[in-house]
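Okay, run.pdb is below, PDB, C-alpha atoms, pLDDT in the B column:
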ATOM      1  CA  MET P 563     -10.135 -10.028  62.913  1.00 83.00           C
ATOM      2  CA  HIS P 564     -11.611  -6.641  63.803  1.00 89.00           C
ATOM      3  CA  LEU P 565      -9.740  -3.455  64.608  1.00 93.00           C
ATOM      4  CA  ILE P 566     -11.112  -1.299  67.431  1.00 95.00           C
ATOM      5  CA  ALA P 567      -9.776   2.190  68.160  1.00 96.00           C
ATOM      6  CA  ILE P 568     -10.290   3.699  71.614  1.00 97.00           C
ATOM      7  CA  CYS P 569      -9.732   7.410  72.182  1.00 96.00           C
ATOM      8  CA  ASP P 570      -9.816   8.962  75.648  1.00 95.00           C
ATOM      9  CA  ASP P 571      -7.508  11.626  77.056  1.00 94.00           C
ATOM     10  CA  GLU P 572      -7.482   9.938  80.481  1.00 94.00           C
ATOM     11  CA  ARG P 573      -5.140   6.949  80.662  1.00 94.00           C
ATOM     12  CA  LYS P 574      -7.169   5.336  83.456  1.00 94.00           C
ATOM     13  CA  GLU P 575     -10.336   5.407  81.311  1.00 93.00           C
ATOM     14  CA  LEU P 576      -8.465   3.945  78.347  1.00 94.00           C
ATOM     15  CA  GLU P 577      -7.313   1.061  80.527  1.00 94.00           C
ATOM     16  CA  LYS P 578     -10.867   0.459  81.806  1.00 94.00           C
ATOM     17  CA  ALA P 579     -12.189   0.348  78.241  1.00 95.00           C
ATOM     18  CA  GLU P 580      -9.391  -2.047  77.235  1.00 95.00           C
ATOM     19  CA  GLU P 581     -10.230  -4.340  80.170  1.00 95.00           C
ATOM     20  CA  LEU P 582     -13.927  -4.380  79.286  1.00 96.00           C
ATOM     21  CA  LEU P 583     -13.215  -5.130  75.634  1.00 95.00           C
ATOM     22  CA  SER P 584     -10.804  -7.909  76.582  1.00 94.00           C
ATOM     23  CA  GLU P 585     -13.473  -9.433  78.834  1.00 95.00           C
ATOM     24  CA  TYR P 586     -16.025  -9.113  76.033  1.00 95.00           C
ATOM     25  CA  GLU P 587     -13.661 -10.889  73.620  1.00 94.00           C
ATOM     26  CA  ARG P 588     -13.006 -13.711  76.134  1.00 94.00           C
ATOM     27  CA  GLN P 589     -16.766 -14.279  76.492  1.00 94.00           C
ATOM     28  CA  ARG P 590     -17.224 -14.491  72.717  1.00 92.00           C
ATOM     29  CA  PRO P 591     -14.617 -16.888  71.311  1.00 88.00           C
ATOM     30  CA  ASP P 592     -15.988 -16.406  67.777  1.00 88.00           C
ATOM     31  CA  LEU P 593     -14.821 -12.758  67.833  1.00 89.00           C
ATOM     32  CA  LYS P 594     -11.208 -11.662  67.593  1.00 90.00           C
ATOM     33  CA  PHE P 595     -10.024  -8.092  67.558  1.00 89.00           C
ATOM     34  CA  THR P 596      -7.032  -5.851  67.920  1.00 92.00           C
ATOM     35  CA  LEU P 597      -7.182  -2.737  70.084  1.00 94.00           C
ATOM     36  CA  ARG P 598      -5.388   0.531  69.348  1.00 95.00           C
ATOM     37  CA  CYS P 599      -5.505   3.250  72.008  1.00 96.00           C
ATOM     38  CA  PHE P 600      -5.183   6.992  71.513  1.00 96.00           C
ATOM     39  CA  GLU P 601      -5.069   9.749  74.118  1.00 95.00           C
ATOM     40  CA  ASN P 602      -5.514  12.462  71.517  1.00 94.00           C
ATOM     41  CA  PRO P 603      -8.305  12.693  68.903  1.00 95.00           C
ATOM     42  CA  ARG P 604      -6.066  14.505  66.403  1.00 95.00           C
ATOM     43  CA  GLU P 605      -3.600  11.583  66.489  1.00 95.00           C
ATOM     44  CA  LEU P 606      -6.489   9.160  65.922  1.00 95.00           C
ATOM     45  CA  LEU P 607      -7.665  11.211  62.923  1.00 95.00           C
ATOM     46  CA  ARG P 608      -4.119  11.369  61.500  1.00 94.00           C
ATOM     47  CA  GLN P 609      -3.791   7.606  61.854  1.00 94.00           C
ATOM     48  CA  THR P 610      -7.105   6.959  60.055  1.00 93.00           C
ATOM     49  CA  LEU P 611      -5.791   8.843  57.018  1.00 90.00           C
ATOM     50  CA  LYS P 612      -2.935   6.352  56.660  1.00 88.00           C
ATOM     51  CA  PRO P 613      -3.493   3.425  54.280  1.00 85.00           C
ATOM     52  CA  GLY P 614      -4.356   0.173  56.014  1.00 83.00           C
ATOM     53  CA  PHE P 615      -5.690   1.705  59.225  1.00 89.00           C
ATOM     54  CA  THR P 616      -9.455   1.347  59.007  1.00 90.00           C
ATOM     55  CA  PRO P 617     -10.985   0.490  62.378  1.00 94.00           C
ATOM     56  CA  ASP P 618     -14.275  -1.354  62.343  1.00 92.00           C
ATOM     57  CA  LEU P 619     -15.289   0.367  65.578  1.00 95.00           C
ATOM     58  CA  PHE P 620     -14.379   3.518  67.500  1.00 96.00           C
ATOM     59  CA  LEU P 621     -14.917   4.047  71.232  1.00 97.00           C
ATOM     60  CA  LEU P 622     -14.663   7.780  71.787  1.00 96.00           C
ATOM     61  CA  ASP P 623     -14.717   9.994  74.836  1.00 95.00           C
ATOM     62  CA  VAL P 624     -16.585  13.254  74.196  1.00 94.00           C
ATOM     63  CA  TYR P 625     -14.688  15.651  76.455  1.00 93.00           C
ATOM     64  CA  MET P 626     -11.057  15.882  75.383  1.00 92.00           C
ATOM     65  CA  PRO P 627      -8.843  19.005  75.541  1.00 87.00           C
ATOM     66  CA  GLU P 628      -8.053  19.510  71.863  1.00 86.00           C
ATOM     67  CA  MET P 629     -11.361  18.469  70.323  1.00 93.00           C
ATOM     68  CA  LEU P 630     -14.730  17.057  71.315  1.00 92.00           C
ATOM     69  CA  GLY P 631     -15.186  13.398  70.462  1.00 94.00           C
ATOM     70  CA  THR P 632     -18.337  14.309  68.521  1.00 93.00           C
ATOM     71  CA  GLU P 633     -16.247  16.628  66.323  1.00 95.00           C
ATOM     72  CA  ALA P 634     -13.681  13.865  65.794  1.00 95.00           C
ATOM     73  CA  ALA P 635     -16.557  11.559  64.782  1.00 95.00           C
ATOM     74  CA  ARG P 636     -17.878  14.189  62.363  1.00 95.00           C
ATOM     75  CA  GLN P 637     -14.425  14.423  60.765  1.00 95.00           C
ATOM     76  CA  LEU P 638     -14.240  10.626  60.512  1.00 94.00           C
ATOM     77  CA  ARG P 639     -17.565  10.606  58.680  1.00 93.00           C
ATOM     78  CA  ASN P 640     -16.495  13.496  56.418  1.00 92.00           C
ATOM     79  CA  THR P 641     -13.482  11.448  55.284  1.00 90.00           C
ATOM     80  CA  GLY P 642     -15.768   8.555  54.385  1.00 88.00           C
ATOM     81  CA  ASN P 643     -15.076   6.376  57.410  1.00 90.00           C
ATOM     82  CA  LYS P 644     -18.042   4.080  58.026  1.00 88.00           C
ATOM     83  CA  GLY P 645     -16.775   2.415  61.221  1.00 91.00           C
ATOM     84  CA  GLY P 646     -19.165   2.046  64.130  1.00 94.00           C
ATOM     85  CA  ILE P 647     -18.970   4.620  66.917  1.00 95.00           C
ATOM     86  CA  ILE P 648     -19.741   4.224  70.598  1.00 96.00           C
ATOM     87  CA  PHE P 649     -19.336   7.261  72.822  1.00 94.00           C
ATOM     88  CA  LEU P 650     -18.143   6.781  76.408  1.00 92.00           C
ATOM     89  CA  THR P 651     -18.378  10.045  78.330  1.00 88.00           C
ATOM     90  CA  THR P 652     -19.142  11.749  81.629  1.00 89.00           C
ATOM     91  CA  SER P 653     -22.193  13.742  80.515  1.00 85.00           C
ATOM     92  CA  ALA P 654     -25.330  13.230  78.445  1.00 85.00           C
ATOM     93  CA  ASP P 655     -25.049  16.789  77.061  1.00 86.00           C
ATOM     94  CA  HIS P 656     -23.858  15.745  73.598  1.00 83.00           C
ATOM     95  CA  ALA P 657     -26.098  12.738  73.003  1.00 84.00           C
ATOM     96  CA  LEU P 658     -27.981  14.403  70.135  1.00 84.00           C
ATOM     97  CA  ASP P 659     -24.704  15.322  68.422  1.00 85.00           C
ATOM     98  CA  ALA P 660     -23.618  11.711  68.753  1.00 83.00           C
ATOM     99  CA  TYR P 661     -26.609  10.420  66.838  1.00 83.00           C
ATOM    100  CA  ARG P 662     -26.034  12.981  64.074  1.00 87.00           C
ATOM    101  CA  VAL P 663     -22.849  11.060  63.245  1.00 91.00           C
ATOM    102  CA  ASP P 664     -24.684   7.719  63.311  1.00 90.00           C
ATOM    103  CA  ALA P 665     -23.391   6.546  66.686  1.00 92.00           C
ATOM    104  CA  ILE P 666     -24.365   3.065  67.805  1.00 91.00           C
ATOM    105  CA  GLN P 667     -24.563   4.017  71.475  1.00 91.00           C
ATOM    106  CA  TYR P 668     -23.903   6.890  73.869  1.00 93.00           C
ATOM    107  CA  LEU P 669     -22.897   5.647  77.325  1.00 92.00           C
ATOM    108  CA  VAL P 670     -22.299   7.765  80.412  1.00 92.00           C
ATOM    109  CA  LYS P 671     -19.328   6.829  82.631  1.00 92.00           C
ATOM    110  CA  PRO P 672     -18.697   4.851  84.704  1.00 92.00           C
ATOM    111  CA  ILE P 673     -19.055   2.559  81.726  1.00 90.00           C
ATOM    112  CA  PRO P 674     -21.996   0.204  82.343  1.00 90.00           C
ATOM    113  CA  LYS P 675     -20.617  -3.199  81.313  1.00 93.00           C
ATOM    114  CA  LYS P 676     -24.019  -4.678  80.491  1.00 95.00           C
ATOM    115  CA  GLU P 677     -24.958  -1.766  78.218  1.00 95.00           C
ATOM    116  CA  LEU P 678     -21.558  -1.720  76.523  1.00 95.00           C
ATOM    117  CA  PHE P 679     -21.699  -5.468  75.860  1.00 96.00           C
ATOM    118  CA  SER P 680     -25.241  -5.104  74.516  1.00 95.00           C
ATOM    119  CA  ALA P 681     -24.129  -2.323  72.147  1.00 95.00           C
ATOM    120  CA  LEU P 682     -21.147  -4.423  71.012  1.00 96.00           C
ATOM    121  CA  ASP P 683     -23.395  -7.446  70.416  1.00 95.00           C
ATOM    122  CA  ARG P 684     -25.764  -5.306  68.357  1.00 93.00           C
ATOM    123  CA  TYR P 685     -22.890  -3.809  66.351  1.00 93.00           C
ATOM    124  CA  PHE P 686     -21.164  -7.127  65.574  1.00 91.00           C
ATOM    125  CA  LYS P 687     -24.503  -8.680  64.607  1.00 91.00           C
ATOM    126  CA  ILE P 688     -25.129  -5.862  62.100  1.00 86.00           C
ATOM    127  CA  LEU P 689     -21.542  -6.102  60.843  1.00 83.00           C
ATOM    128  CA  ALA P 690     -21.848  -9.870  60.289  1.00 81.00           C
ATOM    129  CA  ALA P 691     -25.141  -9.424  58.416  1.00 78.00           C
ATOM    130  CA  ASN P 692     -23.574  -6.780  56.158  1.00 75.00           C
ATOM    131  CA  GLU P 693     -20.529  -8.943  55.485  1.00 69.00           C
ATOM    132  CA  LYS P 694     -22.762 -11.882  54.634  1.00 66.00           C
ATOM    133  CA  LYS P 695     -24.846  -9.718  52.304  1.00 64.00           C
ATOM    134  CA  HIS P 696     -21.734  -8.602  50.414  1.00 63.00           C
ATOM    135  CA  ARG P 697     -20.110 -12.018  50.131  1.00 64.00           C
ATOM    136  CA  LYS P 698     -19.068 -13.248  46.721  1.00 76.00           C
ATOM    137  CA  TYR P 699     -20.012 -16.743  45.635  1.00 75.00           C
ATOM    138  CA  LEU P 700     -19.124 -19.215  42.921  1.00 80.00           C
ATOM    139  CA  LEU P 701     -21.624 -21.739  41.606  1.00 80.00           C
ATOM    140  CA  PHE P 702     -20.442 -25.310  41.039  1.00 79.00           C
ATOM    141  CA  ARG P 703     -22.250 -28.403  39.782  1.00 80.00           C
ATOM    142  CA  ILE P 704     -21.336 -31.150  42.250  1.00 78.00           C
ATOM    143  CA  ASP P 705     -22.947 -34.599  41.976  1.00 77.00           C
ATOM    144  CA  GLY P 706     -25.645 -33.210  39.676  1.00 76.00           C
ATOM    145  CA  MET P 707     -26.646 -30.401  42.030  1.00 77.00           C
ATOM    146  CA  ILE P 708     -25.751 -26.708  41.940  1.00 80.00           C
ATOM    147  CA  HIS P 709     -23.852 -25.559  45.067  1.00 78.00           C
ATOM    148  CA  ARG P 710     -23.206 -21.945  46.010  1.00 79.00           C
ATOM    149  CA  ILE P 711     -19.748 -21.689  47.631  1.00 82.00           C
ATOM    150  CA  ALA P 712     -18.594 -18.483  49.356  1.00 77.00           C
ATOM    151  CA  LEU P 713     -15.314 -17.320  47.874  1.00 79.00           C
ATOM    152  CA  GLU P 714     -13.642 -16.848  51.267  1.00 76.00           C
ATOM    153  CA  THR P 715     -14.309 -20.501  52.188  1.00 82.00           C
ATOM    154  CA  ILE P 716     -12.217 -21.827  49.296  1.00 85.00           C
ATOM    155  CA  VAL P 717      -8.745 -22.871  50.405  1.00 88.00           C
ATOM    156  CA  SER P 718      -7.532 -24.200  47.061  1.00 87.00           C
ATOM    157  CA  LEU P 719      -8.568 -25.644  43.735  1.00 84.00           C
ATOM    158  CA  GLU P 720      -6.331 -28.305  42.195  1.00 86.00           C
ATOM    159  CA  ALA P 721      -6.522 -29.235  38.522  1.00 85.00           C
ATOM    160  CA  GLN P 722      -5.852 -32.776  37.290  1.00 85.00           C
ATOM    161  CA  GLY P 723      -6.934 -33.099  33.674  1.00 82.00           C
ATOM    162  CA  LYS P 724     -10.687 -32.674  33.445  1.00 81.00           C
ATOM    163  CA  ARG P 725     -11.116 -33.031  37.192  1.00 85.00           C
ATOM    164  CA  GLN P 726     -10.824 -30.241  39.763  1.00 85.00           C
ATOM    165  CA  PHE P 727     -10.361 -30.877  43.461  1.00 87.00           C
ATOM    166  CA  LEU P 728     -11.981 -28.157  45.587  1.00 85.00           C
ATOM    167  CA  TYR P 729     -10.841 -27.773  49.221  1.00 89.00           C
ATOM    168  CA  LEU P 730     -12.822 -25.649  51.709  1.00 86.00           C
ATOM    169  CA  THR P 731     -11.951 -24.112  55.073  1.00 84.00           C
ATOM    170  CA  ASP P 732     -14.309 -26.460  56.930  1.00 84.00           C
ATOM    171  CA  GLY P 733     -12.319 -29.463  55.634  1.00 85.00           C
ATOM    172  CA  ALA P 734     -14.827 -30.409  52.918  1.00 84.00           C
ATOM    173  CA  GLU P 735     -13.387 -31.685  49.639  1.00 86.00           C
ATOM    174  CA  PHE P 736     -15.214 -31.960  46.322  1.00 84.00           C
ATOM    175  CA  VAL P 737     -14.344 -33.432  42.959  1.00 86.00           C
ATOM    176  CA  LEU P 738     -15.566 -31.317  40.045  1.00 84.00           C
ATOM    177  CA  HIS P 739     -15.758 -32.790  36.555  1.00 81.00           C
ATOM    178  CA  MET P 740     -14.758 -29.764  34.520  1.00 77.00           C
ATOM    179  CA  THR P 741     -11.697 -28.090  33.075  1.00 72.00           C
ATOM    180  CA  MET P 742      -9.982 -25.174  34.773  1.00 66.00           C
ATOM    181  CA  ALA P 743     -11.067 -22.917  31.887  1.00 64.00           C
TER     182      ALA P 743
END

Structure translated into structure tokens:
Amino acid sequence: MHLIAICDDERKELEKAEELLSEYERQRPDLKFTLRCFENPRELLRQTLKPGFTPDLFLLDVYMPEMLGTEAARQLRNTGNKGGIIFLTTSADHALDAYRVDAIQYLVKPIPKKELFSALDRYFKILAANEKKHRKYLLFRIDGMIHRIALETIVSLEAQGKRQFLYLTDGAEFVLHMTMA
């Protein structure tokens, strides 16, 4: 489950972005995400300082009354936030600033669906590769062969004497001849 934060001072634009993201999610059943909308960049920044609120992706407008979206992105980066950033704005004037904060994409409104979906595909592909690279594995000898099992795929491990029963998320079950120690 991914968390996406959208920040735009215009309610109508927030709703358009929500609709596009919902359509994107429907077209990709392997992806699930939660959306949080903000009409004020300062509120978004305050929320990101709270424990447990770490969006994977930010969709930011650039022109907002209290603060430019590029400045909000700079502050996110300064606090160590590594979430992806896509800018959705009415002008190309701040495109260079956007890339200084490692933005994935800078799109000019009206939001081009094809370009947004392409940027989202690219981002989620990179995110999946990074998650895979940082996975933790356990090595087990099963039927005389060494198997590398990703930690997050293990549902449970049941001990019965010198036998262990390993259950995985895909429904696979293995009998290991070893003690729990």

### Message
List the spatial neighbours of Ala734 (chain P) as a list in words - criterion: any atom at most 12 Å away, all atoms listed in the file, same-chain residues fewer than 5 positions off excluded.
### Response
Ile711, Thr715, Ile716, Val717, Ser718, Phe727, Leu728 and Tyr729 of chain P

Let me see the file: selected residues, C-alpha atoms, as a tab-separated table (two decimals), in the frame of the given file.
chain	number	residue	atom	x	y	z
P	711	ILE	CA	-19.75	-21.69	47.63
P	715	THR	CA	-14.31	-20.50	52.19
P	716	ILE	CA	-12.22	-21.83	49.30
P	717	VAL	CA	-8.74	-22.87	50.40
P	718	SER	CA	-7.53	-24.20	47.06
P	727	PHE	CA	-10.36	-30.88	43.46
P	728	LEU	CA	-11.98	-28.16	45.59
P	729	TYR	CA	-10.84	-27.77	49.22

So that all listed atoms of region 646-657 of chain P fit with 6 Å spare on each side, what axis-aligned box centre and edge lengths in Å, to one decimal, would you give as JSON?
{"center_x": -22.1, "center_y": 9.4, "center_z": 72.9, "size_x": 20.0, "size_y": 26.7, "size_z": 29.5}

### Task
List the residues matched by the PyMOL selection byres ((chain P and resi 622-624) around 7) in the displayed structure as a PyMOL selection string, ordered by chain and then by residue number.
chain P and resi 568-570+620-621+625-626+630-632+648-651

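When only C-alpha atoms are used to measure the gap to Phe679 (chain P), the shortest distance among P:Leu583, P:Leu719, P:Ala634, P:Met563 belongs to P:Leu583.
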
#### Entry: Spatial neighbours of Pro672 (chain P), 12 Å, all atoms listed in the file, chain gap at least 6 places, as a list in words
Lys574, Glu575, Lys578, Ala579, Leu582, Asp623, Leu650, Thr651, Thr652, Ser653 and Leu678 of chain P

Restricting the output to C-alpha atoms, write the selected residues as a PDB file, keeping the file's coordinate frame.
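As written to disk, again-v2.pdb reads:
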ATOM      1  CA  LYS P 574      -7.169   5.336  83.456  1.00 94.00           C
ATOM      2  CA  GLU P 575     -10.336   5.407  81.311  1.00 93.00           C
ATOM      3  CA  LYS P 578     -10.867   0.459  81.806  1.00 94.00           C
ATOM      4  CA  ALA P 579     -12.189   0.348  78.241  1.00 95.00           C
ATOM      5  CA  LEU P 582     -13.927  -4.380  79.286  1.00 96.00           C
ATOM      6  CA  ASP P 623     -14.717   9.994  74.836  1.00 95.00           C
ATOM      7  CA  LEU P 650     -18.143   6.781  76.408  1.00 92.00           C
ATOM      8  CA  THR P 651     -18.378  10.045  78.330  1.00 88.00           C
ATOM      9  CA  THR P 652     -19.142  11.749  81.629  1.00 89.00           C
ATOM     10  CA  SER P 653     -22.193  13.742  80.515  1.00 85.00           C
ATOM     11  CA  LEU P 678     -21.558  -1.720  76.523  1.00 95.00           C
TER      12      LEU P 678
END

Please evaluate the PyMOL selection byres ((chain P and resi 663) around 9) against the displayed coordinates and give the resulting residues as a PDB file with C-alpha atoms, in the coordinates of the input.
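As a result, expr-v9.pdb now contains:
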ATOM      1  CA  THR P 632     -18.337  14.309  68.521  1.00 93.00           C
ATOM      2  CA  ALA P 635     -16.557  11.559  64.782  1.00 95.00           C
ATOM      3  CA  ARG P 636     -17.878  14.189  62.363  1.00 95.00           C
ATOM      4  CA  ARG P 639     -17.565  10.606  58.680  1.00 93.00           C
ATOM      5  CA  ILE P 647     -18.970   4.620  66.917  1.00 95.00           C
ATOM      6  CA  ASP P 659     -24.704  15.322  68.422  1.00 85.00           C
ATOM      7  CA  ALA P 660     -23.618  11.711  68.753  1.00 83.00           C
ATOM      8  CA  TYR P 661     -26.609  10.420  66.838  1.00 83.00           C
ATOM      9  CA  ARG P 662     -26.034  12.981  64.074  1.00 87.00           C
ATOM     10  CA  ASP P 664     -24.684   7.719  63.311  1.00 90.00           C
ATOM     11  CA  ALA P 665     -23.391   6.546  66.686  1.00 92.00           C
TER      12      ALA P 665
END

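Among P:Arg588, P:Arg684, P:His564, P:His656, the residue with the shortest atom-to-atom distance to Leu619 (chain P), counting all atoms listed in the file, is P:His564.
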
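The residue set within 8 Å of Met740 (chain P), counting all atoms listed in the file and dropping same-chain residues fewer than 3 places from it, reads Lys724, Arg725 and Gln726 of chain P.
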
Those same residues - C-alpha atoms - I'd like them written as a PDB file, in the frame of the given file.
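This is the output file result_6.pdb:
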ATOM      1  CA  LYS P 724     -10.687 -32.674  33.445  1.00 81.00           C
ATOM      2  CA  ARG P 725     -11.116 -33.031  37.192  1.00 85.00           C
ATOM      3  CA  GLN P 726     -10.824 -30.241  39.763  1.00 85.00           C
TER       4      GLN P 726
END

### Summary
Among P:Gln589, P:Phe615, P:Ala721, P:Ala567, Glu601 (chain P) is approached most closely, using all atoms listed in the file, by P:Ala567

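When CA of Arg598 (chain P) is paired with CA of Phe686 (chain P), their separation reads 17.9 Å.
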
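Taking CA of Ala712 (chain P) and CA of Asp732 (chain P) as the two end points, the separation is 11.8 Å.
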
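Evaluated on this file, the PyMOL selection byres ((chain P and resi 594) around 10) matches Met563, His564, Leu565, Ser584, Glu587, Arg588, Arg590, Pro591, Asp592, Leu593, Phe595 and Thr596 of chain P.
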
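Remark: for Asp683 (chain P), the closest of the candidate residues P:Ile566, P:Ile666, P:Met629, P:Leu730 is P:Ile666 (distances computed over only C-alpha atoms).
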
#### Entry: Pairwise distance for CA of Glu677 (chain P) and CA of Glu572 (chain P), rounded to one decimal in Å
21.2 Å

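Among the candidate residues P:Leu611, P:Ala690, P:Ile704, P:Leu576, the one lying nearest to Phe736 (chain P) is P:Ile704, with distances computed using all atoms listed in the file.
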
Please fill the gaps in region 578-587 of chain P so it has all heavy atoms, and write that as a PDB file, in the coordinates of the input.
ATOM      1  N   LYS P 578      -9.572   1.075  81.460  1.00 94.00           N
ATOM      2  CA  LYS P 578     -10.867   0.459  81.806  1.00 94.00           C
ATOM      3  C   LYS P 578     -11.563  -0.059  80.551  1.00 94.00           C
ATOM      4  O   LYS P 578     -12.105  -1.169  80.541  1.00 94.00           O
ATOM      5  CB  LYS P 578     -11.785   1.475  82.493  1.00 94.00           C
ATOM      6  CG  LYS P 578     -11.493   1.706  83.940  1.00 94.00           C
ATOM      7  CD  LYS P 578     -12.518   2.682  84.508  1.00 94.00           C
ATOM      8  CE  LYS P 578     -12.109   3.184  85.860  1.00 94.00           C
ATOM      9  NZ  LYS P 578     -13.053   4.193  86.373  1.00 94.00           N
ATOM     10  N   ALA P 579     -11.556   0.751  79.502  1.00 95.00           N
ATOM     11  CA  ALA P 579     -12.189   0.348  78.241  1.00 95.00           C
ATOM     12  C   ALA P 579     -11.489  -0.879  77.665  1.00 95.00           C
ATOM     13  O   ALA P 579     -12.141  -1.818  77.199  1.00 95.00           O
ATOM     14  CB  ALA P 579     -12.183   1.503  77.246  1.00 95.00           C
ATOM     15  N   GLU P 580     -10.167  -0.893  77.721  1.00 95.00           N
ATOM     16  CA  GLU P 580      -9.391  -2.047  77.235  1.00 95.00           C
ATOM     17  C   GLU P 580      -9.769  -3.310  78.005  1.00 95.00           C
ATOM     18  O   GLU P 580      -9.957  -4.378  77.411  1.00 95.00           O
ATOM     19  CB  GLU P 580      -7.888  -1.810  77.405  1.00 95.00           C
ATOM     20  CG  GLU P 580      -7.241  -1.036  76.312  1.00 95.00           C
ATOM     21  CD  GLU P 580      -5.736  -0.941  76.514  1.00 95.00           C
ATOM     22  OE1 GLU P 580      -5.297  -0.284  77.472  1.00 95.00           O
ATOM     23  OE2 GLU P 580      -5.012  -1.546  75.704  1.00 95.00           O
ATOM     24  N   GLU P 581      -9.870  -3.192  79.330  1.00 95.00           N
ATOM     25  CA  GLU P 581     -10.230  -4.340  80.170  1.00 95.00           C
ATOM     26  C   GLU P 581     -11.614  -4.869  79.802  1.00 95.00           C
ATOM     27  O   GLU P 581     -11.814  -6.082  79.688  1.00 95.00           O
ATOM     28  CB  GLU P 581     -10.208  -3.949  81.651  1.00 95.00           C
ATOM     29  CG  GLU P 581      -8.833  -3.769  82.232  1.00 95.00           C
ATOM     30  CD  GLU P 581      -8.867  -3.195  83.649  1.00 95.00           C
ATOM     31  OE1 GLU P 581      -9.902  -3.333  84.333  1.00 95.00           O
ATOM     32  OE2 GLU P 581      -7.852  -2.607  84.067  1.00 95.00           O
ATOM     33  N   LEU P 582     -12.566  -3.962  79.635  1.00 96.00           N
ATOM     34  CA  LEU P 582     -13.927  -4.380  79.286  1.00 96.00           C
ATOM     35  C   LEU P 582     -13.959  -5.070  77.921  1.00 96.00           C
ATOM     36  O   LEU P 582     -14.620  -6.099  77.751  1.00 96.00           O
ATOM     37  CB  LEU P 582     -14.882  -3.186  79.296  1.00 96.00           C
ATOM     38  CG  LEU P 582     -15.294  -2.688  80.676  1.00 96.00           C
ATOM     39  CD1 LEU P 582     -16.023  -1.353  80.575  1.00 96.00           C
ATOM     40  CD2 LEU P 582     -16.166  -3.718  81.386  1.00 96.00           C
ATOM     41  N   LEU P 583     -13.240  -4.519  76.964  1.00 95.00           N
ATOM     42  CA  LEU P 583     -13.215  -5.130  75.634  1.00 95.00           C
ATOM     43  C   LEU P 583     -12.519  -6.485  75.656  1.00 95.00           C
ATOM     44  O   LEU P 583     -12.941  -7.415  74.962  1.00 95.00           O
ATOM     45  CB  LEU P 583     -12.555  -4.194  74.624  1.00 95.00           C
ATOM     46  CG  LEU P 583     -13.415  -3.003  74.220  1.00 95.00           C
ATOM     47  CD1 LEU P 583     -12.596  -1.974  73.465  1.00 95.00           C
ATOM     48  CD2 LEU P 583     -14.604  -3.453  73.399  1.00 95.00           C
ATOM     49  N   SER P 584     -11.487  -6.617  76.450  1.00 94.00           N
ATOM     50  CA  SER P 584     -10.804  -7.909  76.582  1.00 94.00           C
ATOM     51  C   SER P 584     -11.739  -8.944  77.205  1.00 94.00           C
ATOM     52  O   SER P 584     -11.777 -10.100  76.773  1.00 94.00           O
ATOM     53  CB  SER P 584      -9.539  -7.765  77.418  1.00 94.00           C
ATOM     54  OG  SER P 584      -8.604  -6.967  76.744  1.00 94.00           O
ATOM     55  N   GLU P 585     -12.499  -8.527  78.215  1.00 95.00           N
ATOM     56  CA  GLU P 585     -13.473  -9.433  78.834  1.00 95.00           C
ATOM     57  C   GLU P 585     -14.547  -9.822  77.822  1.00 95.00           C
ATOM     58  O   GLU P 585     -14.941 -10.988  77.740  1.00 95.00           O
ATOM     59  CB  GLU P 585     -14.113  -8.765  80.049  1.00 95.00           C
ATOM     60  CG  GLU P 585     -15.108  -9.655  80.759  1.00 95.00           C
ATOM     61  CD  GLU P 585     -15.745  -9.003  81.979  1.00 95.00           C
ATOM     62  OE1 GLU P 585     -15.180  -8.032  82.517  1.00 95.00           O
ATOM     63  OE2 GLU P 585     -16.827  -9.478  82.385  1.00 95.00           O
ATOM     64  N   TYR P 586     -15.015  -8.854  77.058  1.00 95.00           N
ATOM     65  CA  TYR P 586     -16.025  -9.113  76.033  1.00 95.00           C
ATOM     66  C   TYR P 586     -15.501 -10.143  75.026  1.00 95.00           C
ATOM     67  O   TYR P 586     -16.195 -11.093  74.677  1.00 95.00           O
ATOM     68  CB  TYR P 586     -16.388  -7.808  75.325  1.00 95.00           C
ATOM     69  CG  TYR P 586     -17.399  -7.967  74.222  1.00 95.00           C
ATOM     70  CD1 TYR P 586     -18.762  -8.049  74.507  1.00 95.00           C
ATOM     71  CD2 TYR P 586     -17.002  -8.038  72.893  1.00 95.00           C
ATOM     72  CE1 TYR P 586     -19.690  -8.203  73.494  1.00 95.00           C
ATOM     73  CE2 TYR P 586     -17.930  -8.188  71.874  1.00 95.00           C
ATOM     74  CZ  TYR P 586     -19.268  -8.266  72.182  1.00 95.00           C
ATOM     75  OH  TYR P 586     -20.190  -8.416  71.174  1.00 95.00           O
ATOM     76  N   GLU P 587     -14.262  -9.970  74.586  1.00 94.00           N
ATOM     77  CA  GLU P 587     -13.661 -10.889  73.620  1.00 94.00           C
ATOM     78  C   GLU P 587     -13.522 -12.291  74.206  1.00 94.00           C
ATOM     79  O   GLU P 587     -13.775 -13.293  73.524  1.00 94.00           O
ATOM     80  CB  GLU P 587     -12.298 -10.367  73.170  1.00 94.00           C
ATOM     81  CG  GLU P 587     -11.659 -11.198  72.071  1.00 94.00           C
ATOM     82  CD  GLU P 587     -10.308 -10.674  71.658  1.00 94.00           C
ATOM     83  OE1 GLU P 587      -9.595 -10.077  72.502  1.00 94.00           O
ATOM     84  OE2 GLU P 587      -9.951 -10.863  70.494  1.00 94.00           O
TER      85      GLU P 587
END
